[in-house]
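coords-v8.cif follows (mmCIF, C-alpha atoms):
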data_final
#
loop_
_atom_site.group_PDB
_atom_site.id
_atom_site.type_symbol
_atom_site.label_atom_id
_atom_site.label_comp_id
_atom_site.auth_asym_id
_atom_site.auth_seq_id
_atom_site.Cartn_x
_atom_site.Cartn_y
_atom_site.Cartn_z
ATOM 1 C CA MET A 1 -2.451 -40.712 -68.114
ATOM 2 C CA VAL A 2 -3.982 -37.476 -69.245
ATOM 3 C CA PHE A 3 -1.028 -35.080 -68.854
ATOM 4 C CA LEU A 4 0.575 -35.247 -72.250
ATOM 5 C CA SER A 5 2.886 -32.167 -72.085
ATOM 6 C CA LEU A 6 5.134 -30.436 -69.479
ATOM 7 C CA SER A 7 2.905 -27.436 -69.004
ATOM 8 C CA CYS A 8 0.011 -29.698 -67.945
ATOM 9 C CA TRP A 9 2.164 -31.449 -65.321
ATOM 10 C CA ILE A 10 2.328 -28.358 -63.103
ATOM 11 C CA ARG A 11 -0.163 -28.637 -60.226
ATOM 12 C CA SER A 12 -1.369 -25.911 -57.958
ATOM 13 C CA ARG A 13 -1.141 -27.455 -54.502
ATOM 14 C CA GLY A 14 -2.913 -24.764 -52.586
ATOM 15 C CA PRO A 15 -2.495 -21.201 -53.695
ATOM 16 C CA ASP A 16 -2.676 -19.587 -50.272
ATOM 17 C CA ARG A 17 0.120 -21.194 -48.230
ATOM 18 C CA TYR A 18 1.781 -17.807 -47.688
ATOM 19 C CA TRP A 19 -1.325 -16.269 -46.179
ATOM 20 C CA LYS A 20 -2.067 -19.274 -43.994
ATOM 21 C CA ILE A 21 1.432 -19.043 -42.531
ATOM 22 C CA GLN A 22 1.226 -15.276 -42.152
ATOM 23 C CA GLU A 23 -2.053 -15.587 -40.237
ATOM 24 C CA ILE A 24 -0.129 -17.355 -37.479
ATOM 25 C CA VAL A 25 3.291 -15.728 -37.740
ATOM 26 C CA LYS A 26 1.942 -12.163 -37.678
ATOM 27 C CA ASN A 27 0.864 -12.794 -34.089
ATOM 28 C CA ALA A 28 4.462 -13.704 -33.197
ATOM 29 C CA LYS A 29 6.275 -10.760 -34.716
ATOM 30 C CA HIS A 30 7.219 -9.296 -31.326
ATOM 31 C CA PHE A 31 8.671 -12.561 -29.956
ATOM 32 C CA ARG A 32 12.329 -13.295 -29.325
ATOM 33 C CA GLY A 33 14.491 -15.558 -31.446
ATOM 34 C CA ARG A 34 13.452 -17.782 -34.354
ATOM 35 C CA LYS A 35 9.916 -18.168 -33.132
ATOM 36 C CA ASN A 36 9.060 -14.796 -34.651
ATOM 37 C CA ARG A 37 9.930 -16.072 -38.160
ATOM 38 C CA CYS A 38 9.812 -19.850 -38.489
ATOM 39 C CA TYR A 39 6.366 -21.399 -38.765
ATOM 40 C CA SER A 40 6.823 -24.626 -36.779
ATOM 41 C CA LEU A 41 8.335 -22.780 -33.810
ATOM 42 C CA ALA A 42 5.901 -19.893 -34.100
ATOM 43 C CA VAL A 43 2.849 -22.168 -34.044
ATOM 44 C CA LYS A 44 3.730 -23.525 -30.601
ATOM 45 C CA ALA A 45 4.634 -20.098 -29.232
ATOM 46 C CA VAL A 46 1.472 -18.482 -30.570
ATOM 47 C CA ARG A 47 -0.753 -21.200 -29.146
ATOM 48 C CA ARG A 48 0.870 -20.736 -25.733
ATOM 49 C CA ALA A 49 0.502 -16.977 -25.979
ATOM 50 C CA PHE A 50 -3.209 -17.270 -26.795
ATOM 51 C CA VAL A 51 -3.736 -19.612 -23.834
ATOM 52 C CA TYR A 52 -2.046 -17.120 -21.518
ATOM 53 C CA ALA A 53 -4.155 -14.305 -22.997
ATOM 54 C CA THR A 54 -7.355 -16.250 -22.281
ATOM 55 C CA LYS A 55 -6.346 -16.879 -18.688
ATOM 56 C CA GLY A 56 -5.204 -13.276 -18.350
ATOM 57 C CA ARG A 57 -8.567 -11.868 -19.413
ATOM 58 C CA ARG A 58 -10.121 -13.465 -16.324
ATOM 59 C CA LEU A 59 -7.278 -12.367 -14.041
ATOM 60 C CA LYS A 60 -7.426 -8.793 -15.338
ATOM 61 C CA LYS A 61 -10.914 -8.393 -13.910
ATOM 62 C CA ARG A 62 -9.612 -9.450 -10.479
ATOM 63 C CA TYR A 63 -6.525 -7.223 -10.620
ATOM 64 C CA MET A 64 -8.538 -4.188 -11.681
ATOM 65 C CA ARG A 65 -10.979 -4.707 -8.816
ATOM 66 C CA THR A 66 -8.185 -4.942 -6.220
ATOM 67 C CA LEU A 67 -6.612 -1.797 -7.706
ATOM 68 C CA TRP A 68 -9.904 0.099 -7.465
ATOM 69 C CA ILE A 69 -10.359 -1.087 -3.876
ATOM 70 C CA SER A 70 -6.865 0.014 -2.791
ATOM 71 C CA ARG A 71 -7.366 3.406 -4.464
ATOM 72 C CA ILE A 72 -10.729 3.921 -2.761
ATOM 73 C CA ALA A 73 -9.169 2.854 0.559
ATOM 74 C CA ALA A 74 -6.355 5.390 0.165
ATOM 75 C CA ALA A 75 -8.764 8.192 -0.732
ATOM 76 C CA SER A 76 -11.156 7.382 2.122
ATOM 77 C CA ARG A 77 -8.277 7.298 4.610
ATOM 78 C CA GLU A 78 -7.406 10.808 3.470
ATOM 79 C CA HIS A 79 -10.877 11.788 4.703
ATOM 80 C CA GLY A 80 -10.566 9.869 7.983
ATOM 81 C CA MET A 81 -12.642 6.806 7.075
ATOM 82 C CA LYS A 82 -11.757 3.210 6.288
ATOM 83 C CA TYR A 83 -12.725 1.362 3.111
ATOM 84 C CA PRO A 84 -15.096 -1.258 4.637
ATOM 85 C CA VAL A 85 -16.945 1.412 6.613
ATOM 86 C CA LEU A 86 -17.328 3.591 3.524
ATOM 87 C CA MET A 87 -18.621 0.831 1.236
ATOM 88 C CA HIS A 88 -20.969 -0.677 3.828
ATOM 89 C CA ASN A 89 -22.553 2.664 4.607
ATOM 90 C CA LEU A 90 -22.850 3.569 0.924
ATOM 91 C CA THR A 91 -24.696 0.319 0.205
ATOM 92 C CA LYS A 92 -26.925 0.929 3.213
ATOM 93 C CA SER A 93 -27.740 4.391 1.841
ATOM 94 C CA SER A 94 -28.621 2.689 -1.502
ATOM 95 C CA VAL A 95 -25.784 4.400 -3.408
ATOM 96 C CA GLN A 96 -25.254 1.838 -6.153
ATOM 97 C CA LEU A 97 -22.008 3.176 -7.616
ATOM 98 C CA ASN A 98 -19.507 0.454 -8.393
ATOM 99 C CA ARG A 99 -15.874 0.484 -7.332
ATOM 100 C CA ARG A 100 -14.613 1.515 -10.757
ATOM 101 C CA VAL A 101 -16.697 4.689 -10.760
ATOM 102 C CA ILE A 102 -15.889 5.555 -7.165
ATOM 103 C CA SER A 103 -12.134 5.143 -7.723
ATOM 104 C CA ASP A 104 -12.280 7.334 -10.849
ATOM 105 C CA MET A 105 -14.211 9.913 -8.855
ATOM 106 C CA ALA A 106 -11.595 9.815 -6.115
ATOM 107 C CA ILE A 107 -8.930 10.710 -8.681
ATOM 108 C CA THR A 108 -10.632 13.182 -11.000
ATOM 109 C CA GLU A 109 -13.498 14.546 -8.850
ATOM 110 C CA PRO A 110 -12.209 14.799 -5.277
ATOM 111 C CA ARG A 111 -15.033 16.990 -4.034
ATOM 112 C CA SER A 112 -17.710 14.556 -5.175
ATOM 113 C CA PHE A 113 -15.794 11.793 -3.403
ATOM 114 C CA LEU A 114 -15.707 13.950 -0.276
ATOM 115 C CA SER A 115 -19.487 14.321 -0.442
ATOM 116 C CA LEU A 116 -19.827 10.515 -0.748
ATOM 117 C CA ALA A 117 -17.619 10.119 2.324
ATOM 118 C CA LYS A 118 -19.833 12.568 4.214
ATOM 119 C CA VAL A 119 -22.970 10.636 3.215
ATOM 120 C CA ALA A 120 -21.383 7.427 4.492
ATOM 121 C CA ARG A 121 -20.326 9.111 7.732
ATOM 122 C CA ALA A 122 -23.846 10.486 8.305
ATOM 123 C CA ARG A 123 -25.378 7.060 7.686
ATOM 124 C CA GLN A 124 -22.861 5.529 10.113
ATOM 125 C CA GLN A 125 -23.839 8.012 12.826
ATOM 126 C CA GLU A 126 -27.533 7.263 12.215
ATOM 127 C CA GLY A 127 -26.781 3.571 12.566
ATOM 128 C CA PHE A 128 -25.005 4.164 15.876
ATOM 129 C CA ARG A 129 -27.909 6.291 17.140
ATOM 130 C CA ALA A 130 -30.421 3.626 16.146
ATOM 131 C CA ALA A 131 -28.397 0.868 17.822
ATOM 132 C CA LEU A 132 -27.454 2.693 21.016
ATOM 133 C CA GLY A 133 -30.470 4.964 21.386
ATOM 134 C CA ASP A 134 -33.885 4.216 22.869
ATOM 135 C CA GLY A 135 -35.720 3.621 19.620
ATOM 136 C CA LYS A 136 -38.085 6.499 20.375
ATOM 137 C CA GLU A 137 -36.090 8.899 18.166
ATOM 138 C CA PRO A 138 -37.035 9.032 14.493
ATOM 139 C CA VAL A 139 -34.782 7.188 12.063
ATOM 140 C CA GLY A 140 -32.415 9.509 10.222
ATOM 141 C CA VAL A 141 -32.660 10.857 6.694
ATOM 142 C CA PHE A 142 -30.221 8.458 5.041
ATOM 143 C CA SER A 143 -31.662 5.364 6.699
ATOM 144 C CA ARG A 144 -34.937 5.746 4.870
ATOM 145 C CA VAL A 145 -34.195 3.629 1.781
ATOM 146 C CA VAL A 146 -36.360 4.638 -1.166
ATOM 147 C CA LEU A 147 -37.442 1.753 -3.405
ATOM 148 C CA LEU A 148 -38.091 3.066 -6.907
ATOM 149 C CA GLN A 149 -40.837 1.084 -8.577
ATOM 150 C CA MET B 1 -6.915 24.326 -9.312
ATOM 151 C CA SER B 2 -8.567 25.547 -12.502
ATOM 152 C CA SER B 3 -5.883 28.180 -12.996
ATOM 153 C CA PHE B 4 -3.107 25.525 -13.251
ATOM 154 C CA SER B 5 -2.194 24.135 -16.658
ATOM 155 C CA ARG B 6 -2.675 20.410 -17.201
ATOM 156 C CA SER B 7 1.036 19.711 -17.180
ATOM 157 C CA ALA B 8 1.563 21.674 -13.966
ATOM 158 C CA GLN B 9 -1.336 19.868 -12.305
ATOM 159 C CA GLN B 10 0.063 16.473 -13.324
ATOM 160 C CA TRP B 11 3.530 17.429 -12.096
ATOM 161 C CA ALA B 12 2.072 18.443 -8.728
ATOM 162 C CA THR B 13 -0.018 15.255 -8.449
ATOM 163 C CA PHE B 14 2.887 12.898 -9.111
ATOM 164 C CA ALA B 15 5.478 14.836 -7.094
ATOM 165 C CA ARG B 16 7.308 13.017 -4.325
ATOM 166 C CA SER B 17 6.790 14.469 -0.832
ATOM 167 C CA TRP B 18 9.054 14.106 2.169
ATOM 168 C CA PHE B 19 7.449 12.988 5.455
ATOM 169 C CA LEU B 20 8.989 13.239 8.930
ATOM 170 C CA ILE B 21 8.204 10.791 11.768
ATOM 171 C CA ASP B 22 9.505 11.128 15.317
ATOM 172 C CA ALA B 23 10.047 7.594 16.666
ATOM 173 C CA ARG B 24 10.608 8.687 20.264
ATOM 174 C CA MET B 25 8.928 6.181 22.672
ATOM 175 C CA GLN B 26 7.055 4.545 19.762
ATOM 176 C CA PRO B 27 6.809 0.834 18.934
ATOM 177 C CA PRO B 28 8.970 0.234 15.831
ATOM 178 C CA GLY B 29 6.325 -1.979 14.210
ATOM 179 C CA LYS B 30 3.699 0.764 14.168
ATOM 180 C CA ILE B 31 6.203 3.262 12.748
ATOM 181 C CA ALA B 32 7.215 0.666 10.162
ATOM 182 C CA THR B 33 3.621 0.135 8.928
ATOM 183 C CA MET B 34 3.190 3.880 8.433
ATOM 184 C CA CYS B 35 6.525 4.029 6.584
ATOM 185 C CA ALA B 36 5.745 1.019 4.391
ATOM 186 C CA ILE B 37 2.359 2.399 3.302
ATOM 187 C CA ARG B 38 3.864 5.727 2.294
ATOM 188 C CA LEU B 39 6.982 4.281 0.663
ATOM 189 C CA GLN B 40 4.784 2.208 -1.661
ATOM 190 C CA GLY B 41 2.443 5.115 -2.375
ATOM 191 C CA LYS B 42 -0.622 3.289 -1.072
ATOM 192 C CA HIS B 43 -1.809 6.448 0.686
ATOM 193 C CA LYS B 44 -2.508 8.107 -2.687
ATOM 194 C CA PRO B 45 -5.650 7.555 -4.787
ATOM 195 C CA ILE B 46 -3.388 7.507 -7.886
ATOM 196 C CA TYR B 47 -1.550 4.410 -6.619
ATOM 197 C CA HIS B 48 -0.271 1.849 -9.107
ATOM 198 C CA ALA B 49 2.512 -0.655 -8.461
ATOM 199 C CA MET B 50 4.278 0.339 -11.677
ATOM 200 C CA SER B 51 3.923 4.113 -11.313
ATOM 201 C CA ASP B 52 6.745 4.631 -8.781
ATOM 202 C CA CYS B 53 4.538 6.907 -6.677
ATOM 203 C CA GLY B 54 6.204 6.372 -3.295
ATOM 204 C CA ASP B 55 7.351 9.202 -1.079
ATOM 205 C CA HIS B 56 10.451 9.808 1.032
ATOM 206 C CA ILE B 57 10.233 9.170 4.774
ATOM 207 C CA VAL B 58 12.654 10.504 7.388
ATOM 208 C CA VAL B 59 12.566 8.703 10.749
ATOM 209 C CA MET B 60 14.314 10.510 13.593
ATOM 210 C CA ASN B 61 15.135 9.448 17.153
ATOM 211 C CA SER B 62 15.312 5.801 16.136
ATOM 212 C CA LYS B 63 17.649 5.280 19.101
ATOM 213 C CA GLN B 64 14.658 5.881 21.411
ATOM 214 C CA ILE B 65 12.171 3.370 20.027
ATOM 215 C CA ALA B 66 10.239 1.410 22.636
ATOM 216 C CA PHE B 67 9.284 -2.229 22.214
ATOM 217 C CA SER B 68 6.309 -3.375 24.279
ATOM 218 C CA GLY B 69 6.499 -6.413 26.537
ATOM 219 C CA ASN B 70 9.777 -8.282 26.922
ATOM 220 C CA LYS B 71 10.751 -8.001 23.267
ATOM 221 C CA TRP B 72 14.094 -6.353 24.002
ATOM 222 C CA GLU B 73 15.245 -9.666 25.511
ATOM 223 C CA GLN B 74 12.998 -12.117 23.672
ATOM 224 C CA LYS B 75 12.936 -10.923 20.049
ATOM 225 C CA VAL B 76 15.745 -12.555 18.097
ATOM 226 C CA TYR B 77 17.178 -11.341 14.794
ATOM 227 C CA SER B 78 18.827 -14.250 12.970
ATOM 228 C CA SER B 79 21.131 -14.275 9.988
ATOM 229 C CA HIS B 80 23.605 -16.616 8.326
ATOM 230 C CA THR B 81 26.879 -15.516 6.784
ATOM 231 C CA GLY B 82 26.825 -18.389 4.281
ATOM 232 C CA TYR B 83 29.897 -20.042 5.745
ATOM 233 C CA PRO B 84 29.598 -23.177 7.921
ATOM 234 C CA GLY B 85 29.060 -22.324 11.546
ATOM 235 C CA GLY B 86 28.023 -18.820 10.573
ATOM 236 C CA PHE B 87 24.525 -18.799 12.043
ATOM 237 C CA LYS B 88 24.270 -15.574 14.059
ATOM 238 C CA GLN B 89 21.469 -14.754 16.466
ATOM 239 C CA LEU B 90 21.173 -11.392 18.163
ATOM 240 C CA THR B 91 18.553 -10.249 20.653
ATOM 241 C CA ALA B 92 16.875 -6.944 19.929
ATOM 242 C CA ALA B 93 18.826 -5.264 22.736
ATOM 243 C CA GLN B 94 22.197 -6.412 21.339
ATOM 244 C CA MET B 95 21.186 -5.416 17.798
ATOM 245 C CA HIS B 96 20.114 -1.958 18.973
ATOM 246 C CA HIS B 97 23.359 -1.491 20.896
ATOM 247 C CA LYS B 98 25.393 -2.476 17.832
ATOM 248 C CA ASP B 99 23.451 -0.258 15.401
ATOM 249 C CA PRO B 100 20.532 1.953 16.559
ATOM 250 C CA LYS B 101 19.145 2.212 13.002
ATOM 251 C CA ALA B 102 19.035 -1.523 12.270
ATOM 252 C CA ILE B 103 15.796 -2.489 14.037
ATOM 253 C CA MET B 104 13.805 0.212 12.257
ATOM 254 C CA LYS B 105 15.383 -0.689 8.904
ATOM 255 C CA LEU B 106 14.695 -4.417 9.261
ATOM 256 C CA SER B 107 11.084 -3.908 10.318
ATOM 257 C CA VAL B 108 10.342 -1.667 7.319
ATOM 258 C CA TYR B 109 12.233 -4.051 4.987
ATOM 259 C CA GLY B 110 10.049 -6.943 6.133
ATOM 260 C CA MET B 111 6.832 -4.988 5.589
ATOM 261 C CA LEU B 112 7.518 -3.914 2.021
ATOM 262 C CA PRO B 113 6.382 -6.147 -0.878
ATOM 263 C CA LYS B 114 8.978 -8.777 -1.698
ATOM 264 C CA ASN B 115 9.845 -7.646 -5.210
ATOM 265 C CA LEU B 116 12.565 -5.689 -6.974
ATOM 266 C CA HIS B 117 10.973 -2.348 -6.032
ATOM 267 C CA ARG B 118 11.802 -3.031 -2.385
ATOM 268 C CA ARG B 119 15.424 -1.904 -2.667
ATOM 269 C CA THR B 120 14.440 1.385 -4.332
ATOM 270 C CA MET B 121 11.854 1.997 -1.643
ATOM 271 C CA MET B 122 14.453 1.366 1.072
ATOM 272 C CA GLN B 123 16.701 3.940 -0.594
ATOM 273 C CA ARG B 124 13.909 6.466 -0.026
ATOM 274 C CA LEU B 125 13.737 5.696 3.695
ATOM 275 C CA HIS B 126 16.124 7.825 5.787
ATOM 276 C CA ILE B 127 16.666 6.827 9.433
ATOM 277 C CA PHE B 128 18.530 8.956 11.948
ATOM 278 C CA PRO B 129 19.301 7.813 15.514
ATOM 279 C CA ASP B 130 19.109 11.392 16.940
ATOM 280 C CA ASP B 131 17.023 14.404 16.034
ATOM 281 C CA GLU B 132 19.909 16.078 14.195
ATOM 282 C CA LEU B 133 19.021 16.061 10.519
ATOM 283 C CA PRO B 134 21.308 17.250 7.709
ATOM 284 C CA ASP B 135 20.383 20.577 6.131
ATOM 285 C CA ASP B 136 19.519 19.235 2.684
ATOM 286 C CA ILE B 137 16.994 16.797 4.174
ATOM 287 C CA LEU B 138 15.579 19.476 6.481
ATOM 288 C CA ALA B 139 15.022 21.681 3.460
ATOM 289 C CA ASN B 140 13.033 18.950 1.663
ATOM 290 C CA LEU B 141 10.604 18.032 4.452
ATOM 291 C CA THR B 142 6.952 18.800 3.730
ATOM 292 C CA GLU B 143 4.858 17.212 6.466
ATOM 293 C CA GLU B 144 5.227 15.687 9.902
ATOM 294 C CA LEU B 145 3.082 12.634 10.632
ATOM 295 C CA PRO B 146 1.412 12.233 14.048
ATOM 296 C CA GLN B 147 2.852 9.594 16.338
ATOM 297 C CA PRO B 148 0.878 6.321 16.480
ATOM 298 C CA ARG B 149 1.233 5.836 20.235
ATOM 299 C CA GLU B 150 0.355 8.346 22.945
ATOM 300 C CA ILE B 151 3.391 8.699 25.213
ATOM 301 C CA PRO B 152 2.173 8.157 28.819
ATOM 302 C CA LYS B 153 3.189 10.844 31.284
ATOM 303 C CA GLN B 154 5.976 9.923 33.683
ATOM 304 C CA LEU B 155 5.589 10.426 37.430
ATOM 305 C CA SER B 156 8.423 12.986 37.448
ATOM 306 C CA GLU B 157 6.503 15.101 34.877
ATOM 307 C CA PHE B 158 3.459 15.570 37.143
ATOM 308 C CA THR B 159 3.405 18.775 39.197
ATOM 309 C CA GLN B 160 2.985 18.512 42.989
ATOM 310 C CA GLU B 161 -0.496 20.084 42.760
ATOM 311 C CA GLU B 162 -1.655 17.429 40.265
ATOM 312 C CA ILE B 163 -0.284 14.688 42.523
ATOM 313 C CA ASP B 164 -2.128 16.151 45.531
ATOM 314 C CA ALA B 165 -5.328 16.639 43.540
ATOM 315 C CA PHE B 166 -5.315 12.997 42.399
ATOM 316 C CA PRO B 167 -8.016 10.973 44.245
ATOM 317 C CA ARG B 168 -6.708 8.547 46.875
ATOM 318 C CA LEU B 169 -8.240 5.133 47.584
ATOM 319 C CA TRP B 170 -7.157 5.056 51.258
ATOM 320 C CA THR B 171 -4.917 7.055 53.581
ATOM 321 C CA PRO B 172 -2.344 5.008 55.529
ATOM 322 C CA PRO B 173 -2.375 5.373 59.354
ATOM 323 C CA GLU B 174 0.430 7.404 60.974
ATOM 324 C CA ASN B 175 2.620 4.516 62.162
ATOM 325 C CA TYR B 176 2.311 2.581 58.847
ATOM 326 C CA LYS B 177 5.727 1.645 57.483
ATOM 327 C CA MET B 178 5.925 2.036 53.672
ATOM 328 C CA LYS B 179 8.905 0.451 51.933
#
How does the structure come out when it is put into structure tokens?
Amino acid sequence: MVFLSLSCWIRSRGPDRYWKIQEIVKNAKHFRGRKNRCYSLAVKAVRRAFVYATKGRRLKKRYMRTLWISRIAAASREHGMKYPVLMHNLTKSSVQLNRRVISDMAITEPRSFLSLAKVARARQQEGFRAALGDGKEPVGVFSRVVLLQ
Amino acid sequence: MSSFSRSAQQWATFARSWFLIDARMQPPGKIATMCAIRLQGKHKPIYHAMSDCGDHIVVMNSKQIAFSGNKWEQKVYSSHTGYPGGFKQLTAAQMHHKDPKAIMKLSVYGMLPKNLHRRTMMQRLHIFPDDELPDDILANLTEELPQPREIPKQLSEFTQEEIDAFPRLWTPPENYKMK
């Protein structure tokens, strides 16, 4: 044996236990009960919370899209159109705005949204004329899709 | 809009309006869909489930709603009191006779989302069997919504000239006996 005096018998078993525990427990500080303080309970709760957060990140994208769609539907109904008609005619007129932008426009820029609704309505009327007409009339302005090279 | 301050504009955007619907000769389901959309706030571009953006709806003349088909005799409203032998079934006609507001209330209740907000939204729905509205509600009303169904004209409402001017398919001979 090498340790020949008391002071040499003291071992340092890992100097950073406090920080390793804090790394986990700091994520549980807003939990209820002992799992916001005690390491063995907090570890399980934090793991569960992280799993839920991972799943939630994928669900958030779905929820946000349904929220944008319902907002666009409400705004388009204010202007006398329905959501599927609006979106279909916008895509046919090669307006490539996504639902997030259109819903923000409907809230903060109502007049721009109104102009989008008018574009969609005009394209819808051109589609009706092309379908029901003779085919001898020229195709309308919005039906001519411009492909930018 | 540019002359309003930000706080005033936000207050006006999130304010709760009061809508009036006349349910005379209308199918209660169509009225209920209109009510449910506006009670949730889904007619506003600022809709969010947590924002409490629903409006108040006042339905009048709910005594004069008109079911299509034979629903007055065939539609059954069931409930159970919780006690044995307490299963109650009422046809729509009996329910309407007992309480003229109940059919409208139940149809809107069924169309709202099944969560804890539903009770608050029902508190914002005001149904009146006649067209007599209390003064405080009359003072709050902002807009009347158009009726979903066009009321067809009754024969007694046509003038004699319109009846004569209507085209006839055939004229009966003089000694033809009509019931």
Next on the checklist: Suppose a student applies the PyMOL selection byres ((chain B) within 9 of (chain A)) to this structure; what residues should they get, written as a VMD selection string?
Outcome noted: chain B and resid 42 to 48
Checklist entry - Quick one: which residues end up in the PyMOL selection byres ((chain B and resi 10-24) around 8) for this structure, as a PyMOL selection string? => result chain B and resi 6-9+25-28+31+53-66+140-147
Prev. selection, C-alpha atoms, output as a PDB file, in the frame of the given file:
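Okay, again_9.pdb is ready:
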ATOM      1  CA  ARG B   6      -2.675  20.410 -17.201  1.00  0.00           C
ATOM      2  CA  SER B   7       1.036  19.711 -17.180  1.00  0.00           C
ATOM      3  CA  ALA B   8       1.563  21.674 -13.966  1.00  0.00           C
ATOM      4  CA  GLN B   9      -1.336  19.868 -12.305  1.00  0.00           C
ATOM      5  CA  MET B  25       8.928   6.181  22.672  1.00  0.00           C
ATOM      6  CA  GLN B  26       7.055   4.545  19.762  1.00  0.00           C
ATOM      7  CA  PRO B  27       6.809   0.834  18.934  1.00  0.00           C
ATOM      8  CA  PRO B  28       8.970   0.234  15.831  1.00  0.00           C
ATOM      9  CA  ILE B  31       6.203   3.262  12.748  1.00  0.00           C
ATOM     10  CA  CYS B  53       4.538   6.907  -6.677  1.00  0.00           C
ATOM     11  CA  GLY B  54       6.204   6.372  -3.295  1.00  0.00           C
ATOM     12  CA  ASP B  55       7.351   9.202  -1.079  1.00  0.00           C
ATOM     13  CA  HIS B  56      10.451   9.808   1.032  1.00  0.00           C
ATOM     14  CA  ILE B  57      10.233   9.170   4.774  1.00  0.00           C
ATOM     15  CA  VAL B  58      12.654  10.504   7.388  1.00  0.00           C
ATOM     16  CA  VAL B  59      12.566   8.703  10.749  1.00  0.00           C
ATOM     17  CA  MET B  60      14.314  10.510  13.593  1.00  0.00           C
ATOM     18  CA  ASN B  61      15.135   9.448  17.153  1.00  0.00           C
ATOM     19  CA  SER B  62      15.312   5.801  16.136  1.00  0.00           C
ATOM     20  CA  LYS B  63      17.649   5.280  19.101  1.00  0.00           C
ATOM     21  CA  GLN B  64      14.658   5.881  21.411  1.00  0.00           C
ATOM     22  CA  ILE B  65      12.171   3.370  20.027  1.00  0.00           C
ATOM     23  CA  ALA B  66      10.239   1.410  22.636  1.00  0.00           C
ATOM     24  CA  ASN B 140      13.033  18.950   1.663  1.00  0.00           C
ATOM     25  CA  LEU B 141      10.604  18.032   4.452  1.00  0.00           C
ATOM     26  CA  THR B 142       6.952  18.800   3.730  1.00  0.00           C
ATOM     27  CA  GLU B 143       4.858  17.212   6.466  1.00  0.00           C
ATOM     28  CA  GLU B 144       5.227  15.687   9.902  1.00  0.00           C
ATOM     29  CA  LEU B 145       3.082  12.634  10.632  1.00  0.00           C
ATOM     30  CA  PRO B 146       1.412  12.233  14.048  1.00  0.00           C
ATOM     31  CA  GLN B 147       2.852   9.594  16.338  1.00  0.00           C
TER      32      GLN B 147
END
Next on the checklist: Translate the PyMOL selection byres ((chain A and resi 86) around 10) into a concrete residue list for this structure, as a ChimeraX atom specification.
Outcome noted: /A:72-73,76-77,81-85,87-92,116-121,123-124
To test the calculation: enclose all listed atoms of stretch 96-108 of chain A in a box whose edges run along x, y and z, add 8 Å on each side, then state centre and edge lengths in Å to one decimal, as AutoDock Vina command-line options.
--center_x -17.1 --center_y 6.8 --center_z -8.6 --size_x 32.3 --size_y 28.7 --size_z 20.9
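Taking atom CA of A:Arg47 as the reference point, atom CA of A:Ile24 is found at 9.2 Å.
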Item to check | From A:Arg99, A:Arg11, A:Lys26, A:Arg111, residue lying nearest A:Ala45 [all atoms listed in the file] | outcome: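 Among A:Arg99, A:Arg11, A:Lys26, A:Arg111, it is A:Lys26 that comes nearest to A:Ala45.
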Item to check | Residue nearest B:Phe128 among B:Asn115, B:Arg168, B:Leu106, B:Asp99 (counting only C-alpha atoms) | outcome: B:Asp99
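In this model, the gap between atom CA of A:Ala53 and atom CA of A:Asn36 comes to 17.6 Å.
Taking atom CA of B:Gly29 and atom CA of B:Asp136 as the two end points, the separation is 27.5 Å.
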